[in-house]
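Student: Sharing start_1.cif here; it has mmCIF, C-alpha atoms and all ligand atoms.
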data_my_file
#
loop_
_atom_site.group_PDB
_atom_site.id
_atom_site.type_symbol
_atom_site.label_atom_id
_atom_site.label_comp_id
_atom_site.auth_asym_id
_atom_site.auth_seq_id
_atom_site.Cartn_x
_atom_site.Cartn_y
_atom_site.Cartn_z
ATOM 1 C CA MET A 500 15.907 -2.474 -17.568
ATOM 2 C CA ASN A 501 14.872 -4.353 -20.763
ATOM 3 C CA THR A 502 11.974 -3.233 -22.981
ATOM 4 C CA SER A 503 9.375 -5.733 -21.770
ATOM 5 C CA ARG A 504 10.204 -4.900 -18.129
ATOM 6 C CA LEU A 505 9.889 -1.200 -18.948
ATOM 7 C CA VAL A 506 6.502 -1.735 -20.642
ATOM 8 C CA TYR A 507 5.337 -3.797 -17.620
ATOM 9 C CA ARG A 508 6.486 -1.116 -15.168
ATOM 10 C CA SER A 509 4.841 1.694 -17.200
ATOM 11 C CA ARG A 510 1.550 -0.196 -17.370
ATOM 12 C CA GLN A 511 1.732 -0.906 -13.634
ATOM 13 C CA PHE A 512 2.438 2.785 -12.985
ATOM 14 C CA TRP A 513 -0.524 4.092 -15.029
ATOM 15 C CA GLN A 514 -2.782 1.426 -13.571
ATOM 16 C CA ALA A 515 -1.678 2.549 -10.123
ATOM 17 C CA ILE A 516 -2.623 6.167 -10.655
ATOM 18 C CA SER A 517 -5.639 5.940 -12.948
ATOM 19 C CA THR A 518 -7.776 2.839 -12.268
ATOM 20 C CA GLY A 519 -10.937 2.908 -10.174
ATOM 21 C CA SER A 520 -12.714 0.058 -8.427
ATOM 22 C CA SER A 521 -16.089 -1.355 -9.522
ATOM 23 C CA HIS A 522 -19.299 -1.754 -7.584
ATOM 24 C CA GLU A 523 -18.663 -5.516 -7.391
ATOM 25 C CA ASP A 524 -15.254 -4.823 -5.867
ATOM 26 C CA THR A 525 -16.819 -2.670 -3.176
ATOM 27 C CA GLU A 526 -19.199 -5.528 -2.413
ATOM 28 C CA LEU A 527 -16.232 -7.869 -2.088
ATOM 29 C CA ALA A 528 -14.545 -5.461 0.331
ATOM 30 C CA ALA A 529 -17.765 -5.361 2.364
ATOM 31 C CA THR A 530 -17.551 -9.132 2.907
ATOM 32 C CA ILE A 531 -14.137 -8.728 4.593
ATOM 33 C CA LEU A 532 -14.256 -5.387 6.404
ATOM 34 C CA THR A 533 -16.408 -4.283 9.321
ATOM 35 C CA PRO A 534 -18.682 -1.257 8.608
ATOM 36 C CA PRO A 535 -16.199 1.250 10.168
ATOM 37 C CA GLN A 536 -13.341 -0.326 8.181
ATOM 38 C CA LEU A 537 -15.393 -0.193 4.977
ATOM 39 C CA GLU A 538 -16.004 3.485 5.638
ATOM 40 C CA LEU A 539 -12.234 4.001 5.856
ATOM 41 C CA PHE A 540 -11.717 1.975 2.667
ATOM 42 C CA GLN A 541 -14.213 4.155 0.818
ATOM 43 C CA GLN A 542 -12.347 7.300 1.837
ATOM 44 C CA MET A 543 -9.291 6.044 -0.039
ATOM 45 C CA HIS A 544 -8.584 7.381 -3.526
ATOM 46 C CA ARG A 545 -10.347 5.193 -6.122
ATOM 47 C CA SER A 546 -7.066 4.082 -7.655
ATOM 48 C CA GLU A 547 -5.787 3.084 -4.174
ATOM 49 C CA GLN A 548 -8.974 1.066 -3.620
ATOM 50 C CA ALA A 549 -8.405 -0.703 -6.931
ATOM 51 C CA HIS A 550 -4.746 -1.400 -6.031
ATOM 52 C CA SER A 551 -5.752 -2.833 -2.646
ATOM 53 C CA LEU A 552 -8.361 -5.067 -4.286
ATOM 54 C CA ARG A 553 -5.731 -6.357 -6.742
ATOM 55 C CA VAL A 554 -3.510 -7.219 -3.746
ATOM 56 C CA LEU A 555 -6.394 -9.065 -2.067
ATOM 57 C CA LYS A 556 -7.342 -11.009 -5.191
ATOM 58 C CA GLU A 557 -3.759 -12.041 -5.920
ATOM 59 C CA LEU A 558 -3.239 -13.248 -2.338
ATOM 60 C CA ARG A 559 -6.436 -15.297 -2.621
ATOM 61 C CA ARG A 560 -5.282 -16.676 -5.985
ATOM 62 C CA GLN A 561 -2.116 -17.834 -4.221
ATOM 63 C CA GLY A 562 -4.210 -19.692 -1.646
ATOM 64 C CA GLU A 563 -3.888 -17.228 1.256
ATOM 65 C CA ASP A 564 -7.019 -16.942 3.368
ATOM 66 C CA ASN A 565 -5.890 -15.412 6.668
ATOM 67 C CA SER A 566 -8.553 -12.863 7.625
ATOM 68 C CA ASP A 567 -6.042 -10.374 9.114
ATOM 69 C CA LEU A 568 -3.959 -10.575 5.940
ATOM 70 C CA GLU A 569 -7.096 -9.836 3.903
ATOM 71 C CA ILE A 570 -7.881 -6.784 6.047
ATOM 72 C CA ALA A 571 -4.271 -5.616 5.684
ATOM 73 C CA ALA A 572 -4.445 -6.169 1.911
ATOM 74 C CA LEU A 573 -7.436 -3.820 1.692
ATOM 75 C CA LEU A 574 -6.283 -1.244 4.247
ATOM 76 C CA HIS A 575 -2.460 -1.245 4.108
ATOM 77 C CA ASP A 576 -2.474 2.176 2.400
ATOM 78 C CA VAL A 577 -5.419 3.652 4.338
ATOM 79 C CA GLY A 578 -3.086 6.026 6.230
ATOM 80 C CA LYS A 579 -2.922 8.083 3.034
ATOM 81 C CA ILE A 580 -6.436 9.395 3.693
ATOM 82 C CA ARG A 581 -4.999 11.544 6.505
ATOM 83 C CA THR A 582 -3.278 13.816 3.976
ATOM 84 C CA PRO A 583 -4.593 13.157 0.449
ATOM 85 C CA LEU A 584 -2.038 13.896 -2.249
ATOM 86 C CA ARG A 585 -2.516 15.509 -5.646
ATOM 87 C CA LEU A 586 -1.756 13.476 -8.769
ATOM 88 C CA TRP A 587 1.579 15.232 -9.400
ATOM 89 C CA GLU A 588 2.683 14.519 -5.818
ATOM 90 C CA ARG A 589 1.907 10.818 -6.196
ATOM 91 C CA VAL A 590 3.778 10.729 -9.517
ATOM 92 C CA LEU A 591 6.748 12.506 -7.897
ATOM 93 C CA VAL A 592 6.997 9.909 -5.104
ATOM 94 C CA VAL A 593 6.787 6.975 -7.564
ATOM 95 C CA LEU A 594 9.557 8.475 -9.719
ATOM 96 C CA VAL A 595 11.876 9.423 -6.837
ATOM 97 C CA ARG A 596 11.374 5.993 -5.230
ATOM 98 C CA LYS A 597 12.689 4.394 -8.434
ATOM 99 C CA ILE A 598 15.652 6.765 -8.795
ATOM 100 C CA CYS A 599 16.644 7.468 -5.182
ATOM 101 C CA PRO A 600 14.871 5.392 -2.500
ATOM 102 C CA ASN A 601 17.030 6.957 0.230
ATOM 103 C CA CYS A 602 15.793 10.441 -0.769
ATOM 104 C CA VAL A 603 12.229 9.287 -0.035
ATOM 105 C CA LYS A 604 13.360 8.199 3.441
ATOM 106 C CA LYS A 605 15.334 11.400 4.095
ATOM 107 C CA TRP A 606 12.641 13.844 2.907
ATOM 108 C CA GLY A 607 9.900 11.723 4.497
ATOM 109 C CA ALA A 608 11.402 12.168 7.962
ATOM 110 C CA ALA A 609 10.156 15.805 8.009
ATOM 111 C CA SER A 610 7.205 16.934 10.151
ATOM 112 C CA GLU A 611 3.645 16.076 9.139
ATOM 113 C CA ASN A 612 2.874 19.753 8.680
ATOM 114 C CA GLU A 613 5.683 20.194 6.179
ATOM 115 C CA PRO A 614 4.485 22.582 3.447
ATOM 116 C CA GLY A 615 5.370 22.247 -0.234
ATOM 117 C CA TRP A 616 6.733 19.311 -2.209
ATOM 118 C CA ARG A 617 8.158 17.454 0.824
ATOM 119 C CA ARG A 618 4.639 16.737 2.087
ATOM 120 C CA ALA A 619 4.304 13.891 -0.439
ATOM 121 C CA PHE A 620 7.390 12.175 0.981
ATOM 122 C CA VAL A 621 6.149 12.526 4.570
ATOM 123 C CA VAL A 622 2.945 10.729 3.540
ATOM 124 C CA ALA A 623 4.965 8.074 1.671
ATOM 125 C CA GLU A 624 7.035 7.339 4.780
ATOM 126 C CA LYS A 625 4.464 7.755 7.533
ATOM 127 C CA HIS A 626 1.247 6.317 6.068
ATOM 128 C CA PRO A 627 1.999 2.778 7.389
ATOM 129 C CA ALA A 628 1.987 4.027 11.021
ATOM 130 C CA TRP A 629 -1.047 6.286 10.426
ATOM 131 C CA GLY A 630 -2.879 3.383 8.755
ATOM 132 C CA ALA A 631 -2.096 0.986 11.623
ATOM 133 C CA ASP A 632 -3.653 3.471 14.075
ATOM 134 C CA LEU A 633 -6.799 3.706 11.925
ATOM 135 C CA VAL A 634 -7.034 -0.096 11.672
ATOM 136 C CA SER A 635 -6.697 -0.453 15.462
ATOM 137 C CA GLN A 636 -9.255 2.300 16.094
ATOM 138 C CA SER A 637 -11.708 0.564 13.743
ATOM 139 C CA GLY A 638 -11.481 -2.667 15.743
ATOM 140 C CA GLY A 639 -8.789 -4.452 13.704
ATOM 141 C CA SER A 640 -6.700 -7.087 15.464
ATOM 142 C CA ALA A 641 -3.121 -6.519 16.650
ATOM 143 C CA LEU A 642 -1.921 -8.701 13.750
ATOM 144 C CA ALA A 643 -3.846 -6.742 11.105
ATOM 145 C CA ALA A 644 -2.485 -3.455 12.540
ATOM 146 C CA ALA A 645 1.076 -4.844 12.642
ATOM 147 C CA LEU A 646 0.892 -5.939 8.995
ATOM 148 C CA VAL A 647 -0.253 -2.442 8.010
ATOM 149 C CA ALA A 648 2.412 -0.763 10.201
ATOM 150 C CA ARG A 649 5.178 -2.934 8.715
ATOM 151 C CA HIS A 650 4.110 -3.120 5.067
ATOM 152 C CA GLN A 651 7.040 -1.002 3.878
ATOM 153 C CA GLU A 652 9.573 -2.424 6.340
ATOM 154 C CA GLN A 653 12.778 -3.710 4.788
ATOM 155 C CA LEU A 654 12.801 -7.446 5.463
ATOM 156 C CA PRO A 655 16.001 -9.502 5.590
ATOM 157 C CA PRO A 656 16.626 -11.714 2.528
ATOM 158 C CA ASN A 657 14.890 -15.113 2.566
ATOM 159 C CA ASN A 658 12.378 -13.769 5.041
ATOM 160 C CA GLU A 659 9.817 -16.226 3.645
ATOM 161 C CA LYS A 660 11.684 -18.897 5.637
ATOM 162 C CA LYS A 661 10.988 -17.133 8.961
ATOM 163 C CA ASP A 662 8.710 -19.216 11.123
ATOM 164 C CA SER A 663 6.854 -16.327 12.778
ATOM 165 C CA ASN A 664 3.356 -16.250 11.304
ATOM 166 C CA GLU A 665 3.371 -12.430 11.256
ATOM 167 C CA ASP A 666 6.615 -12.313 9.263
ATOM 168 C CA ARG A 667 5.393 -14.936 6.797
ATOM 169 C CA LEU A 668 2.176 -13.002 6.169
ATOM 170 C CA LEU A 669 4.100 -9.732 5.956
ATOM 171 C CA TYR A 670 6.415 -11.187 3.345
ATOM 172 C CA LYS A 671 3.449 -12.363 1.247
ATOM 173 C CA LEU A 672 1.794 -8.939 1.566
ATOM 174 C CA GLN A 673 4.952 -7.086 0.545
ATOM 175 C CA VAL A 674 5.657 -9.257 -2.497
ATOM 176 C CA VAL A 675 2.106 -8.963 -3.832
ATOM 177 C CA ASP A 676 1.887 -5.242 -2.941
ATOM 178 C CA ASN A 677 5.045 -4.550 -4.964
ATOM 179 C CA GLN A 678 3.688 -6.463 -7.961
ATOM 180 C CA SER A 679 0.224 -4.900 -7.906
HETATM 181 FE FE FE A 701 1.942 1.814 1.232
HETATM 182 FE FE FE A 702 0.197 -0.717 -1.649
#
Please re-express this file's structure in structure tokens.
Ligand SMILES: [Fe+2]
Ligand SMILES: [Fe+2]
Tutor:
Amino acid sequence: MNTSRLVYRSRQFWQAISTGSSHEDTELAATILTPPQLELFQQMHRSEQAHSLRVLKELRRQGEDNSDLEIAALLHDVGKIRTPLRLWERVLVVLVRKICPNCVKKWGAASENEPGWRRAFVVAEKHPAWGADLVSQSGGSALAAALVARHQEQLPPNNEKKDSNEDRLLYKLQVVDNQS
């Protein structure tokens, strides 16, 4: 990894764990989410809210305006509210994901009630499914729930050429999520 890439990644990392969202951002979220969905959004960690808002804004900047994609942008990580993690646990997952992505998958397959350090990996692996349930329960469409459920799914290369609308939106969400 060259120096500028390393600086970019470090900035992205600290932004991811330290930034909060503003009052204006919450107002923006309220224009997209229903009241029960906004309540879920507000239960997310402030830095996760800010990340989700960056995803939304970047998708809009790229000309995307699908309402289910916008809901998924704001709520794709909402499953994390089921088991909030401490800062060191979130840092651990980010680091291990960079060094050994398969370890995240392996340790994340443990039970939800896993005590100790593995808990962070269970949340990392299972929050898409937990989030999709919350989105469905809050009245989200099947498409919005599917985008949340699949936001970490490994897509085949050149997936942007797929003609299914769900896959196209999922690809956009994943690319922007990874950059935000
Ligand atoms: Fe996620
Ligand atoms: Fe995300």
Student: Would you name the residues within 7 Å of ligand FE 701 (chain A), counting all atoms listed in the file, and put them as a PyMOL selection string?
Tutor: chain A and resi 575-576+623+626-627+650-651
Student: What is the atom CA of Asp567 of chain A-atom CA of Leu552 of chain A distance in Å, reported with one decimal?
Tutor: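 One can read the atom CA of Asp567 of chain A to atom CA of Leu552 of chain A distance as 14.6 Å.
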Student: To check your reading of the model: which residues sit at most 9 Å from ligand FE 702 (chain A) when counting all atoms listed in the file? Write the answer as a PyMOL selection string.
Tutor: chain A and resi 547+550-551+554+572-576+650-651+672-673+675-677+679
Student: So which residues touch Val592 of chain A within 7 Å, counting all atoms listed in the file, skipping near sequence neighbours fewer than 3 positions away, as a PDB file with C-alpha atoms, in the coordinates of the input?
Tutor:
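Wrote out-v2.pdb, looks like this:
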ATOM      1  CA  GLU A 588       2.683  14.519  -5.818  1.00  0.00           C
ATOM      2  CA  ARG A 589       1.907  10.818  -6.196  1.00  0.00           C
ATOM      3  CA  VAL A 595      11.876   9.423  -6.837  1.00  0.00           C
ATOM      4  CA  ARG A 596      11.374   5.993  -5.230  1.00  0.00           C
ATOM      5  CA  ALA A 619       4.304  13.891  -0.439  1.00  0.00           C
ATOM      6  CA  PHE A 620       7.390  12.175   0.981  1.00  0.00           C
TER       7      PHE A 620
END
Student: Take the PyMOL selection byres (((chain A and resi 535) around 12) and not hetatm), run it mentally on this structure, and tell me the resulting residues as number ranges by chain.
Tutor: A: 529, 531-534, 536-542, 574, 633-639
Student: Step by step, work through what the PyMOL selection byres (((chain A and resi 671) around 12) and not hetatm) selects in the shown file, and finish by giving those residues as a ChimeraX atom specification.
Tutor: /A:554-555,557-559,561-565,568-569,571-572,646,650,654,657-661,664-670,672-678
Student: Looking at all atoms listed in the file, which of A:Arg649, A:Arg560, A:Lys597, A:Arg581 is the one that sits closest to Val621 of chain A?
Tutor: A:Arg581
Student: Can you pull out the residues contacting His522 of chain A? Cut-off 12 Å, using all atoms listed in the file, and skip same-chain residues under 3 positions away; I want them as a list in words.
Tutor: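 Answer for this query is Gly519, Thr525, Glu526, Leu527, Ala528, Ala529, Gln541, Arg545, Gln548, Ala549 and Leu552 of chain A.
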Student: So, counting only C-alpha atoms, which residue among A:Val647, A:Val577, A:Val590, A:Leu642 is closest to Ser663 of chain A?
Tutor: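 Among the listed residues, A:Leu642 lies closest to Ser663 of chain A.
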Student: Given the choices A:Cys602, A:Ile570, A:Glu652, A:Pro614, which gets closest to Ala628 of chain A if the distance is worked out from only C-alpha atoms?
Tutor: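 Closest candidate: A:Glu652.
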